[in-house]
Amino acid sequence: MDWHIIIAAVIKIVVFVFLVTLPMVAMSVWAERRVSAAIQDRVGPNRVGPFGLLQAVADGIKFLLKEDFTPNHVNKFYFWLAPALTMVPALLTCAVLPFGSQLFGEKMVIADLDVGPLFVFSIASLTVYGIVLAGWSSNSKYSFLGGVRSTSQMISYEISLGLSIVPLIMIYGELNLGRIVQEQAINGWALLPLWGEGLSLKGFILAIPIFISFIIFTTSMFAETNRLPFDLPECETELVAGYHTEYSSMKFALFFLGEYAAMIIGSGLAVTLFLGGWSLPFGWLAPSGIDAEIPWWHGLIHIGTYFAKVIGFILFFIVVRWTLPRFRYDQLMRLGWVFFFEIALFNVVLTAILLAIFK
Amino acid sequence: MAIIVQRPKLKWWEQLYIPALFIGMRVTLGHLVSILSRKTKVTMQYPEEKWDEHLPEHYRGAPALVTDEHDRERCVACQLCEFICPPRAITIKPEEIPGDDKWAKVEKRPRTFDIDMIRCIYCGLCEEVCPEQAIFLRKDYAITGTSRAEMVHDKEKLYQIGGVRVGLVNKWNELK
């Protein structure tokens, strides 16, 4: 047994998941409230700590101390299981995201899997079970409608989400997220092929299907995380709170945080696949190969770059939420099945043709 | 008569919904920038900043009792305010003014005068009904307490809020 690997993995899990991602979840709730307030000419939470930064702590304490009420008419076992099933898959997907290049010769990814995106999609699709079980076991009409809506929405959009990254995988010929990012660091980000081998006719032409993929991927990600403009599962004006209507205290908080965790992971995946992950633009400080030695401060800069990009993407999520109105349900289904599914399929064929032309 | 709303005919790129996203984001980000650069200021940070000097003349805050220029309490304990008070917030226990008192001819005064500020709805009927102009609604609005008992304003507290008001009615004035 190689203790070195286990200890390194444990340190990475503790630091990346518990010390960075979970606080980021809490902080993104605060950011959401502050940004939405600014957009609506309000102030937002600014009392707890400097700029209200400790609001997340206050909220957490509040959620823990509130009465944890289980209604009599629910199916207790599934009612208790559902919140965990929402939060856990969201955090599990952290495992394959490369959040940095290397630090002291150690790859900055918890599990360096060769099936990265497949792992993410297979685990992320488990989130739907949490929502279905919550909606079903709550035994109330609002939860039930929310659960049903959420199920059909997530299943519909998972298809276009999965299909949208197929062109990318075809272009890179690679399923290891770490090596995809390394390739982007040297030869230009998928969406911004302006240096290395990307700066060529082939790079520019291939950017067209990647751009289409990016739009489908991002929109499907909005639908997958149940956020506006696709927040039909919990649309407050119709369904009280949707699938988590009957939940209170920390169980509600788990749903709430699970949604934000899914948002962070989704942003992380989008950044990794389309925006070059931890790499700086124009090949600055890019390691020459996946196993090349780099100084520790390069590693730290790469980690910082990754989180800066993720935070930027989260802010984009937040601004979109407070900009767009909600879709009607039939529009949502039509968009998913009639447009995105076909466009994604067409995009795969287009990429194949382009790759055949530019061998 | 039915009104037919003419829907605008969208061009193909408008139907893509993506330009609308950026038009919308220009609006929302415009608000974001203007509030962050403090160009627009809407919210008043309440406990630190207050609006007290802008309160209108007709503002109805906490009701209070007043004394006149001779330091006599104006209230004659007629209990009209107690009867008219819609939420029954006022409780008065009248007493007779003893004969050797300077104001013996007034005959009656309140022994206790309690206003339950949890009940008070700041309607101002007590002020309107008072024949002696003894009770007024002042501009105090932040009435707080940590217990129910603390929220009951007794006579002493009511005179403390009310203070002195001069030259309103001179019915009991010695000079007349």
# chains A, B, ... in the order shown; residues from 1 in each chain; ligands from 1
>>> residues_around(residues="Cys123 (chain B)", least_positions_apart="2", cutoff="12 Å", atoms="only C-alpha atoms", output="PyMOL selection string")
chain B and resi 58-63+81+84-89+119-121+125-129+136-137
>>> write_last_selection(atoms="N, CA, C and O atoms", output="compact mmCIF listing (two decimals), in the first residue's frame")
# COMPACT_ATOMS: atom_id res chain seq x y z
N HIS B 58 -48.35 66.00 9.64
CA HIS B 58 -49.50 65.21 10.07
C HIS B 58 -49.11 63.80 10.51
O HIS B 58 -49.96 62.95 10.65
N TYR B 59 -47.81 63.54 10.69
CA TYR B 59 -47.36 62.18 11.05
C TYR B 59 -47.97 61.76 12.38
O TYR B 59 -48.00 62.53 13.33
N ARG B 60 -48.45 60.52 12.42
CA ARG B 60 -49.06 60.03 13.65
C ARG B 60 -48.16 58.99 14.28
O ARG B 60 -48.08 57.86 13.82
N GLY B 61 -47.47 59.39 15.36
CA GLY B 61 -46.63 58.46 16.10
C GLY B 61 -47.30 58.08 17.41
O GLY B 61 -48.51 57.99 17.50
N ALA B 62 -46.45 57.91 18.44
CA ALA B 62 -46.97 57.47 19.72
C ALA B 62 -47.86 58.54 20.36
O ALA B 62 -47.51 59.70 20.36
N PRO B 63 -49.02 58.14 20.91
CA PRO B 63 -49.86 59.11 21.62
C PRO B 63 -49.23 59.47 22.97
O PRO B 63 -48.60 58.63 23.60
N CYS B 81 -61.50 59.17 25.36
CA CYS B 81 -60.50 58.47 24.55
C CYS B 81 -60.53 56.97 24.82
O CYS B 81 -60.40 56.15 23.92
N ILE B 84 -63.48 55.63 22.85
CA ILE B 84 -63.41 55.65 21.38
C ILE B 84 -62.30 54.76 20.85
O ILE B 84 -62.36 54.31 19.71
N CYS B 85 -61.31 54.47 21.69
CA CYS B 85 -60.12 53.76 21.22
C CYS B 85 -60.53 52.43 20.57
O CYS B 85 -61.05 51.54 21.24
N PRO B 86 -60.33 52.26 19.23
CA PRO B 86 -60.79 51.02 18.56
C PRO B 86 -60.14 49.76 19.11
O PRO B 86 -60.84 48.77 19.31
N PRO B 87 -58.85 49.72 19.37
CA PRO B 87 -58.28 48.48 19.91
C PRO B 87 -58.31 48.42 21.43
O PRO B 87 -57.72 47.52 22.01
N ARG B 88 -58.95 49.36 22.08
CA ARG B 88 -59.04 49.42 23.55
C ARG B 88 -57.66 49.40 24.19
O ARG B 88 -57.39 48.59 25.10
N ALA B 89 -56.82 50.27 23.70
CA ALA B 89 -55.45 50.31 24.22
C ALA B 89 -55.35 51.17 25.47
O ALA B 89 -54.40 51.04 26.23
N ARG B 119 -51.14 47.32 21.60
CA ARG B 119 -52.48 47.39 21.03
C ARG B 119 -52.67 48.60 20.14
O ARG B 119 -53.42 48.54 19.17
N CYS B 120 -52.03 49.70 20.49
CA CYS B 120 -52.27 50.98 19.80
C CYS B 120 -52.07 50.83 18.29
O CYS B 120 -51.12 50.21 17.83
N ILE B 121 -53.03 51.39 17.54
CA ILE B 121 -52.91 51.32 16.08
C ILE B 121 -52.62 52.70 15.48
O ILE B 121 -52.72 52.89 14.27
N LEU B 125 -57.69 58.71 16.91
CA LEU B 125 -59.06 59.05 17.34
C LEU B 125 -59.06 59.68 18.73
O LEU B 125 -59.88 60.54 19.02
N CYS B 126 -58.12 59.26 19.60
CA CYS B 126 -58.05 59.81 20.95
C CYS B 126 -57.76 61.32 20.89
O CYS B 126 -58.37 62.12 21.60
N GLU B 127 -56.85 61.66 19.99
CA GLU B 127 -56.51 63.07 19.84
C GLU B 127 -57.72 63.86 19.33
O GLU B 127 -57.99 64.98 19.77
N GLU B 128 -58.46 63.24 18.40
CA GLU B 128 -59.58 63.93 17.79
C GLU B 128 -60.73 64.12 18.77
O GLU B 128 -61.41 65.14 18.75
N VAL B 129 -60.93 63.12 19.65
CA VAL B 129 -62.10 63.14 20.53
C VAL B 129 -61.86 63.97 21.78
O VAL B 129 -62.80 64.42 22.42
N PHE B 136 -52.08 63.94 22.48
CA PHE B 136 -51.61 64.22 21.12
C PHE B 136 -50.80 63.05 20.61
O PHE B 136 -50.16 62.35 21.38
N LEU B 137 -50.82 62.86 19.27
CA LEU B 137 -49.94 61.87 18.68
C LEU B 137 -48.64 62.55 18.30
O LEU B 137 -48.62 63.47 17.49
>>> residues_around(residues="Thr86 (chain A)", least_positions_apart="4", cutoff="12 Å", atoms="only C-alpha atoms", output="number ranges by chain")
A: 79-82, 90-92, 123-134, 225, 243-244, 251-262
>>> write_last_selection(atoms="N, CA and C atoms", output="compact mmCIF listing (two decimals), in the first residue's frame")
# COMPACT_ATOMS: atom_id res chain seq x y z
N PHE A 79 -38.16 10.62 2.66
CA PHE A 79 -38.14 12.04 3.01
C PHE A 79 -36.78 12.42 3.60
N TRP A 80 -36.21 11.50 4.40
CA TRP A 80 -34.90 11.78 5.00
C TRP A 80 -33.77 11.54 4.00
N LEU A 81 -33.97 10.63 3.08
CA LEU A 81 -32.91 10.25 2.15
C LEU A 81 -32.69 11.34 1.09
N ALA A 82 -33.80 11.97 0.67
CA ALA A 82 -33.75 12.85 -0.49
C ALA A 82 -32.75 14.01 -0.37
N ALA A 90 -23.55 16.15 -6.10
CA ALA A 90 -22.97 17.44 -6.50
C ALA A 90 -21.53 17.53 -6.02
N LEU A 91 -21.28 17.07 -4.78
CA LEU A 91 -19.91 17.16 -4.26
C LEU A 91 -19.03 16.06 -4.82
N LEU A 92 -19.62 14.89 -5.13
CA LEU A 92 -18.83 13.77 -5.67
C LEU A 92 -18.15 14.16 -6.98
N ILE A 123 -22.60 10.70 -12.42
CA ILE A 123 -22.88 11.04 -11.02
C ILE A 123 -23.91 12.17 -10.94
N ALA A 124 -23.74 13.18 -11.82
CA ALA A 124 -24.64 14.33 -11.74
C ALA A 124 -26.07 13.92 -12.05
N SER A 125 -26.25 12.86 -12.86
CA SER A 125 -27.62 12.46 -13.18
C SER A 125 -28.30 11.82 -11.98
N LEU A 126 -27.52 11.47 -10.93
CA LEU A 126 -28.13 10.93 -9.71
C LEU A 126 -28.89 12.01 -8.95
N THR A 127 -28.52 13.29 -9.18
CA THR A 127 -29.17 14.38 -8.47
C THR A 127 -30.68 14.32 -8.65
N VAL A 128 -31.11 13.86 -9.82
CA VAL A 128 -32.54 13.84 -10.11
C VAL A 128 -33.28 12.93 -9.14
N TYR A 129 -32.59 11.88 -8.62
CA TYR A 129 -33.25 11.00 -7.66
C TYR A 129 -33.61 11.74 -6.40
N GLY A 130 -32.71 12.59 -5.94
CA GLY A 130 -33.00 13.36 -4.74
C GLY A 130 -34.26 14.17 -4.92
N ILE A 131 -34.37 14.81 -6.07
CA ILE A 131 -35.51 15.69 -6.30
C ILE A 131 -36.79 14.88 -6.47
N VAL A 132 -36.70 13.78 -7.21
CA VAL A 132 -37.89 12.93 -7.40
C VAL A 132 -38.36 12.39 -6.06
N LEU A 133 -37.42 11.86 -5.26
CA LEU A 133 -37.81 11.29 -3.97
C LEU A 133 -38.40 12.36 -3.07
N ALA A 134 -37.80 13.56 -3.10
CA ALA A 134 -38.32 14.65 -2.27
C ALA A 134 -39.74 14.98 -2.68
N THR A 225 -29.36 22.65 -13.34
CA THR A 225 -29.24 23.14 -11.97
C THR A 225 -30.53 23.78 -11.50
N TYR A 243 -40.37 21.08 -5.11
CA TYR A 243 -40.13 19.80 -4.44
C TYR A 243 -39.72 19.93 -2.99
N HIS A 244 -39.18 21.07 -2.55
CA HIS A 244 -38.80 21.15 -1.13
C HIS A 244 -39.79 21.97 -0.30
N LYS A 251 -32.50 20.19 6.45
CA LYS A 251 -32.86 19.40 5.27
C LYS A 251 -33.15 20.34 4.09
N PHE A 252 -33.84 21.44 4.38
CA PHE A 252 -34.05 22.43 3.33
C PHE A 252 -32.72 23.01 2.88
N ALA A 253 -31.84 23.28 3.87
CA ALA A 253 -30.55 23.89 3.55
C ALA A 253 -29.76 22.98 2.62
N LEU A 254 -29.89 21.65 2.81
CA LEU A 254 -29.15 20.73 1.94
C LEU A 254 -29.62 20.86 0.49
N PHE A 255 -30.93 20.99 0.28
CA PHE A 255 -31.43 21.21 -1.08
C PHE A 255 -30.88 22.51 -1.64
N PHE A 256 -30.95 23.52 -0.78
CA PHE A 256 -30.54 24.86 -1.19
C PHE A 256 -29.07 24.87 -1.57
N LEU A 257 -28.24 24.26 -0.69
CA LEU A 257 -26.80 24.25 -0.95
C LEU A 257 -26.46 23.30 -2.09
N GLY A 258 -27.24 22.21 -2.21
CA GLY A 258 -27.01 21.28 -3.32
C GLY A 258 -27.17 21.97 -4.65
N GLU A 259 -28.16 22.86 -4.73
CA GLU A 259 -28.38 23.61 -5.97
C GLU A 259 -27.15 24.47 -6.30
N TYR A 260 -26.62 25.11 -5.26
CA TYR A 260 -25.45 25.97 -5.50
C TYR A 260 -24.20 25.16 -5.76
N ALA A 261 -24.09 24.00 -5.08
CA ALA A 261 -22.94 23.14 -5.33
C ALA A 261 -22.97 22.66 -6.78
N ALA A 262 -24.17 22.28 -7.26
CA ALA A 262 -24.30 21.85 -8.65
C ALA A 262 -23.91 22.98 -9.59
>>> select_by_dssp(residues="region 14-152 of chain B", states="strand (DSSP E or B)", output="list in words")
Pro63, Ala64, Leu65, Thr67, Glu73, Ile90, Thr91, Ile92, Lys93, Pro94, Glu95, Glu96, Lys108, Arg109, Pro110, Arg111, Thr112, Phe113, Asp114, Ile115, Asp116, Ile135, Phe136, Leu137 and Val152 of chain B
>>> select_by_dssp(residues="region 76-325 of chain A", states="alpha helix (DSSP H)", output="NGL selection string")
:A and (76-92 or 116-124 or 127-137 or 141-164 or 166-172 or 177-187 or 201-224 or 236-239 or 249-274 or 296-321)
>>> interface_residues(of="chain A", to="chain B", cutoff="10 Å", atoms="only C-alpha atoms", output="list in words")
Arg34, Val35, Ser36, Ala37, Ala38, Ile39, Gln40, Asp41, Arg42, Val43, Gly44, Asn46, Ile215, Phe316, Val319, Val320, Trp322, Thr323, Leu324 and Pro325 of chain A
>>> residues_around(residues="region 157-172 of chain A", least_positions_apart="6", cutoff="9 Å", atoms="only C-alpha atoms", output="MDAnalysis selection string")
chainID A and resid 117:118 121 125 180 183 190 206 209:210 212:221 223:224 273:274 333 336:337 340:345 347:352 355
>>> residues_around(residues="region 101-110 of chain A", least_positions_apart="6", cutoff="6 Å", atoms="only C-alpha atoms", output="list of chain:residue names")
A:Ala9, A:Ala95, A:Trp296, A:Gly299
>>> residues_around(residues="region 281-292 of chain A", least_positions_apart="2", cutoff="9 Å", atoms="only C-alpha atoms", output="list in words")
Ser101, Gln102, Gly105, Lys107, Gly178, Arg179, Gln182, Glu183, Gln184, Ala185, Ile186, Asn187, Gly188, Trp189, Leu192, Leu194, Trp195, Gly196, Gly276, Ser279, Ile294, His298, Ile301 and His302 of chain A
>>> atom_distance(atom1="CA of Glu246 (chain A)", atom2="CA of His73 (chain A)")
10.2 Å
>>> atom_distance(atom1="CA of Ser137 (chain A)", atom2="CA of Phe119 (chain A)")
28.1 Å
>>> atom_distance(atom1="CA of Ser138 (chain A)", atom2="CA of Val74 (chain A)")
4.9 Å
>>> closest_residue(among="B:Leu80, B:Met117, B:Leu10, B:Ile135", to="Val66 (chain B)", atoms="only C-alpha atoms")
B:Ile135
>>> residues_around(residues="region 158-164 of chain B", least_positions_apart="4", cutoff="10 Å", atoms="only C-alpha atoms", output="list in words")
Ala62, Pro63, Ala64, Leu65, Val66, Thr67, Asp68, Glu69, His70, Asp71, Arg72, Glu73, Arg74, Phe113, Asp114, Ile115, Ala134, Ile135, Phe136, Leu137, Arg138, Lys139, Asp140, Val152, His153 and Asp154 of chain B
